[in-house]
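Peer 1: This is input-v7.csv, which holds CSV, C-alpha atoms:
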```csv
chain,number,residue,atom,x,y,z
C,1,MET,CA,-54.1,103.5,53.6
C,2,ARG,CA,-52.1,106.1,55.5
C,3,SER,CA,-49.7,108.5,53.8
C,4,PHE,CA,-46.2,109.0,55.1
C,5,ASP,CA,-46.7,112.7,55.3
C,6,ASP,CA,-49.7,112.3,57.6
C,7,THR,CA,-47.9,110.1,60.1
C,8,ALA,CA,-44.3,111.4,59.9
C,9,GLU,CA,-44.5,113.6,63.0
C,10,GLY,CA,-45.9,110.8,65.1
C,11,ILE,CA,-43.3,108.4,63.9
C,12,PHE,CA,-40.5,110.9,64.7
C,13,ASP,CA,-42.0,111.6,68.2
C,14,ARG,CA,-42.1,108.0,69.2
C,15,ALA,CA,-38.6,107.2,67.8
C,16,TYR,CA,-37.2,110.4,69.6
C,17,ARG,CA,-38.9,109.4,72.9
C,18,VAL,CA,-37.4,105.9,72.8
C,19,ALA,CA,-33.9,107.1,71.9
C,20,PHE,CA,-34.0,109.8,74.6
C,21,ARG,CA,-35.1,107.3,77.3
C,22,ILE,CA,-32.2,105.1,76.5
C,23,LEU,CA,-29.5,107.7,75.9
C,24,GLY,CA,-30.6,110.7,77.9
C,25,ASP,CA,-29.2,113.1,75.2
C,26,ARG,CA,-31.6,115.2,73.3
C,27,MET,CA,-29.3,115.8,70.3
C,28,GLU,CA,-28.5,112.1,69.8
C,29,ALA,CA,-32.2,111.3,70.3
C,30,GLN,CA,-33.1,113.8,67.6
C,31,ASP,CA,-30.5,112.3,65.2
C,32,ILE,CA,-31.9,108.8,65.9
C,33,GLY,CA,-35.4,110.0,65.5
C,34,GLN,CA,-34.6,111.4,62.1
C,35,GLU,CA,-32.7,108.2,61.1
C,36,ALA,CA,-35.7,106.1,62.1
C,37,LEU,CA,-38.0,108.4,60.2
C,38,ALA,CA,-35.8,108.1,57.1
C,39,ARG,CA,-35.7,104.3,57.4
C,40,ALA,CA,-39.5,104.2,57.7
C,41,PHE,CA,-39.9,106.3,54.6
C,42,VAL,CA,-37.7,104.0,52.6
C,43,ARG,CA,-39.6,101.0,53.8
C,44,TRP,CA,-43.0,102.7,53.8
C,45,PRO,CA,-45.0,100.1,51.8
C,46,LYS,CA,-43.9,97.4,54.2
C,47,VAL,CA,-44.2,99.3,57.5
C,48,GLU,CA,-47.1,101.7,57.0
C,49,ASP,CA,-49.6,99.5,59.0
C,50,HIS,CA,-47.3,99.5,62.1
C,51,ALA,CA,-44.9,102.4,61.3
C,52,GLU,CA,-44.7,103.9,64.9
C,53,ALA,CA,-44.0,100.5,66.4
C,54,TRP,CA,-41.5,99.7,63.7
C,55,ALA,CA,-39.7,103.1,64.1
C,56,SER,CA,-39.7,102.6,67.9
C,57,THR,CA,-37.9,99.3,67.6
C,58,ALA,CA,-35.5,100.8,65.0
C,59,ALA,CA,-34.8,103.7,67.3
C,60,ALA,CA,-34.1,101.4,70.3
C,61,ASN,CA,-31.6,99.4,68.2
C,62,LEU,CA,-29.9,102.6,66.9
C,63,ALA,CA,-29.8,104.0,70.5
C,64,ILE,CA,-28.2,100.8,71.9
C,65,THR,CA,-25.6,101.0,69.1
C,66,VAL,CA,-24.8,104.6,69.9
C,67,TRP,CA,-24.7,103.7,73.6
C,68,ARG,CA,-22.2,100.8,73.0
C,69,ARG,CA,-20.0,103.1,70.9
C,70,ARG,CA,-20.1,105.7,73.6
C,71,GLN,CA,-19.2,103.2,76.3
C,72,ARG,CA,-16.2,101.9,74.2
C,73,ARG,CA,-15.0,105.4,73.6
C,74,GLU,CA,-15.3,106.3,77.3
C,75,ARG,CA,-13.5,103.2,78.4
C,76,LEU,CA,-10.6,104.0,76.1
C,77,MET,CA,-10.4,107.7,77.2
C,78,THR,CA,-11.0,107.5,81.0
C,79,PRO,CA,-8.7,106.1,83.6
C,80,ARG,CA,-9.9,103.1,85.6
C,81,ALA,CA,-10.5,105.1,88.7
C,82,GLU,CA,-14.0,104.6,90.3
C,83,SER,CA,-16.3,107.6,90.2
C,84,GLU,CA,-17.7,109.0,93.5
C,85,HIS,CA,-21.1,109.1,91.9
C,86,SER,CA,-21.4,105.7,90.5
C,87,GLU,CA,-25.2,105.5,90.8
C,88,ASP,CA,-25.9,108.5,88.6
C,89,LEU,CA,-28.4,108.5,85.7
C,90,ALA,CA,-25.8,107.4,83.1
C,91,VAL,CA,-25.0,104.3,85.1
C,92,VAL,CA,-28.7,103.4,85.5
C,93,ARG,CA,-29.2,103.8,81.7
C,94,ALA,CA,-26.2,101.7,81.0
C,95,ASP,CA,-27.6,99.0,83.3
C,96,LEU,CA,-31.0,99.2,81.6
C,97,VAL,CA,-29.4,98.8,78.1
C,98,ALA,CA,-27.4,95.9,79.3
C,99,ALA,CA,-30.4,94.3,80.9
C,100,LEU,CA,-32.5,94.9,77.8
C,101,ARG,CA,-29.8,93.2,75.7
C,102,GLY,CA,-30.0,90.2,78.0
C,103,LEU,CA,-33.7,89.6,77.4
C,104,PRO,CA,-35.0,87.2,74.8
C,105,ARG,CA,-35.8,89.0,71.5
C,106,ARG,CA,-39.6,88.9,71.8
C,107,GLN,CA,-39.6,90.1,75.5
C,108,ARG,CA,-37.2,92.9,74.5
C,109,GLU,CA,-39.4,94.0,71.6
C,110,VAL,CA,-42.5,94.0,73.8
C,111,VAL,CA,-40.8,95.9,76.7
C,112,VAL,CA,-39.4,98.5,74.3
C,113,LEU,CA,-42.7,99.1,72.4
C,114,ARG,CA,-44.9,99.0,75.5
C,115,TYR,CA,-42.8,100.9,78.0
C,116,LEU,CA,-40.3,103.0,76.2
C,117,ALA,CA,-42.5,103.8,73.1
C,118,ASP,CA,-45.7,104.0,75.3
C,119,LEU,CA,-47.7,101.9,72.8
C,120,PRO,CA,-50.9,100.3,74.0
C,121,GLU,CA,-51.0,96.5,74.3
C,122,ALA,CA,-53.2,96.2,71.2
C,123,ALA,CA,-50.8,98.2,69.1
C,124,VAL,CA,-47.8,96.2,70.3
C,125,GLY,CA,-49.7,93.0,69.5
C,126,GLU,CA,-50.6,94.3,66.0
C,127,ALA,CA,-47.0,95.4,65.3
C,128,LEU,CA,-45.5,92.0,66.4
C,129,GLY,CA,-48.3,89.9,65.0
C,130,CYS,CA,-49.4,88.4,68.3
C,131,THR,CA,-52.4,88.5,70.7
C,132,ILE,CA,-52.8,91.0,73.6
C,133,GLY,CA,-52.5,88.0,76.0
C,134,THR,CA,-49.1,87.2,74.4
C,135,VAL,CA,-48.0,90.8,74.8
C,136,LYS,CA,-49.0,90.7,78.5
C,137,THR,CA,-47.1,87.5,79.0
C,138,HIS,CA,-43.9,88.8,77.4
C,139,ALA,CA,-44.2,92.1,79.2
C,140,SER,CA,-44.7,90.4,82.5
C,141,ARG,CA,-41.8,88.1,82.0
C,142,GLY,CA,-39.6,90.8,80.6
C,143,LEU,CA,-40.2,93.2,83.4
C,144,GLU,CA,-39.6,90.5,86.0
C,145,ALA,CA,-36.3,89.7,84.3
C,146,LEU,CA,-35.4,93.4,84.3
C,147,ARG,CA,-36.2,93.7,88.0
C,148,ARG,CA,-34.0,90.7,88.8
C,149,GLN,CA,-31.1,92.0,86.7
C,150,MET,CA,-31.3,95.6,88.0
C,151,SER,CA,-32.1,95.0,91.6
C,152,PRO,CA,-29.3,95.8,94.2
C,153,VAL,CA,-27.3,92.8,95.2
C,154,GLY,CA,-28.5,92.7,98.8
C,155,GLY,CA,-32.1,93.7,98.1
```
Please express the file's structure as structure tokens.
Peer 2:
Amino acid sequence: MRSFDDTAEGIFDRAYRVAFRILGDRMEAQDIGQEALARAFVRWPKVEDHAEAWASTAAANLAITVWRRRQRRERLMTPRAESEHSEDLAVVRADLVAALRGLPRRQREVVVLRYLADLPEAAVGEALGCTIGTVKTHASRGLEALRRQMSPVGG
């Protein structure tokens, strides 16, 4: 049985990393990391066996919510003129979030835990209650779907 105090730093680090990869903003990622840590603490008896994976998923969901709010706010505040630098990092992140939202739930969970939270396949399988083979299948299908959705139109 692991204690919350012994794992809190690792939980925060994973949640922060996921949020930062989605948002690209250190302050927002820290806020989300703290929120995910607080939520893990409240649910500790239920999540202690897979706390880092659970917090990574929570952080991804929180980051996507923040991103959506940011997009709505920016649409309301900016004129409709096209930016000269439309392929900057913010656009790529926005495309990634939209593509992740388009994946089936299990593929999205596997891709977030495996590639954004950097969990090994075994840990992802344990967190989601499935085999390593199932994790590999969902990861492969999820990545292929992301490649199709995010590839340039002509390429």
Peer 1: Can you tell me how far atom CA of Glu52 of chain C sits from atom CA of Trp67 of chain C, in Å to one decimal?
Peer 2: 21.8 Å
Peer 1: As a VMD selection string, please: the residues near Arg93 of chain C (cut-off 10 Å, all atoms listed in the file, same-chain neighbours under 2 positions excluded).
Peer 2: chain C and resid 21 to 24 67 88 to 91 95 to 99
Peer 1: Looking at only C-alpha atoms, which of C:Ala58, C:Ala53, C:Val124, C:Ala63 is the one that sits closest to Arg39 of chain C?
Peer 2: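 Among the listed residues, C:Ala58 lies closest to Arg39 of chain C.
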Peer 1: Using only C-alpha atoms, which residue out of C:Arg14, C:Arg2, C:Arg101, C:Val42 lies closest to Arg114 of chain C?
Peer 2: C:Arg14
Peer 1: For Ser3 of chain C, list every protein, DNA or RNA residue within 8 Å, evaluated using all atoms listed in the file, and leave out those in the same chain fewer than 3 positions away; present the list as number ranges by chain.
Peer 2: C: 6-7, 48
Peer 1: I'd like to know which of C:Gln107, C:Thr57, C:Gly102, C:Met27 is closest to Met150 of chain C, using only C-alpha atoms.
Peer 2: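 Residue with the minimum atom-to-atom distance to Met150 of chain C: C:Gly102.
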Peer 1: Would you be able to write out as a PyMOL selection string which residues have an atom within 10 Å of (-42.0, 99.8, 61.5) in the file's coordinates, counting only C-alpha atoms?
Peer 2: chain C and resi 11+36-37+39-41+43-44+46-58+127-128
Peer 1: What is the atom CA of Arg106 of chain C-atom CA of Ala145 of chain C distance in Å, reported with one decimal?
Peer 2: 13.0 Å
Peer 1: For a quick check of understanding, using only C-alpha atoms, which of C:Ala60, C:Leu146, C:Phe4, C:Glu35 has the smallest distance to Ala19 of chain C?
Peer 2: C:Ala60
Peer 1: Compare C:Ala122, C:Ile64, C:Leu103, C:Ala117 by their minimum atom-to-atom distance to Glu28 of chain C, counting only C-alpha atoms, and give me the closest one.
Peer 2: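 Selected residue with least distance to Glu28 of chain C: C:Ile64.
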Peer 1: Please determine, counting only C-alpha atoms, which residue among C:Lys136, C:Arg26, C:Arg148, C:Arg73 has the shortest atom-to-atom distance to Leu100 of chain C.
Peer 2: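 Ranked by minimum distance to Leu100 of chain C, first place goes to C:Arg148.
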Peer 1: Could you tell me how far atom CA of Val111 of chain C lies from atom CA of Gly142 of chain C, in Å and to one decimal?
Peer 2: 6.5 Å
Peer 1: Give me the residues near Asp31 of chain C as a list in words, where near means some atom within 12 Å (using all atoms listed in the file) and where sequence neighbours in that chain fewer than 6 positions away do not count.
Peer 2: Phe12, Asp13, Ala15, Tyr16, Arg17, Ala19, Phe20, Leu23, Asp25, Leu37, Ala38, Ala59, Leu62, Ala63 and Val66 of chain C
Peer 1: Take the residues from that selection and write them out as a CSV table (one decimal), in the frame of the given file, keeping C-alpha atoms.
Peer 2:
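The resulting file, part.csv, is reproduced below:
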```
chain,number,residue,atom,x,y,z
C,12,PHE,CA,-40.5,110.9,64.7
C,13,ASP,CA,-42.0,111.6,68.2
C,15,ALA,CA,-38.6,107.2,67.8
C,16,TYR,CA,-37.2,110.4,69.6
C,17,ARG,CA,-38.9,109.4,72.9
C,19,ALA,CA,-33.9,107.1,71.9
C,20,PHE,CA,-34.0,109.8,74.6
C,23,LEU,CA,-29.5,107.7,75.9
C,25,ASP,CA,-29.2,113.1,75.2
C,37,LEU,CA,-38.0,108.4,60.2
C,38,ALA,CA,-35.8,108.1,57.1
C,59,ALA,CA,-34.8,103.7,67.3
C,62,LEU,CA,-29.9,102.6,66.9
C,63,ALA,CA,-29.8,104.0,70.5
C,66,VAL,CA,-24.8,104.6,69.9
```
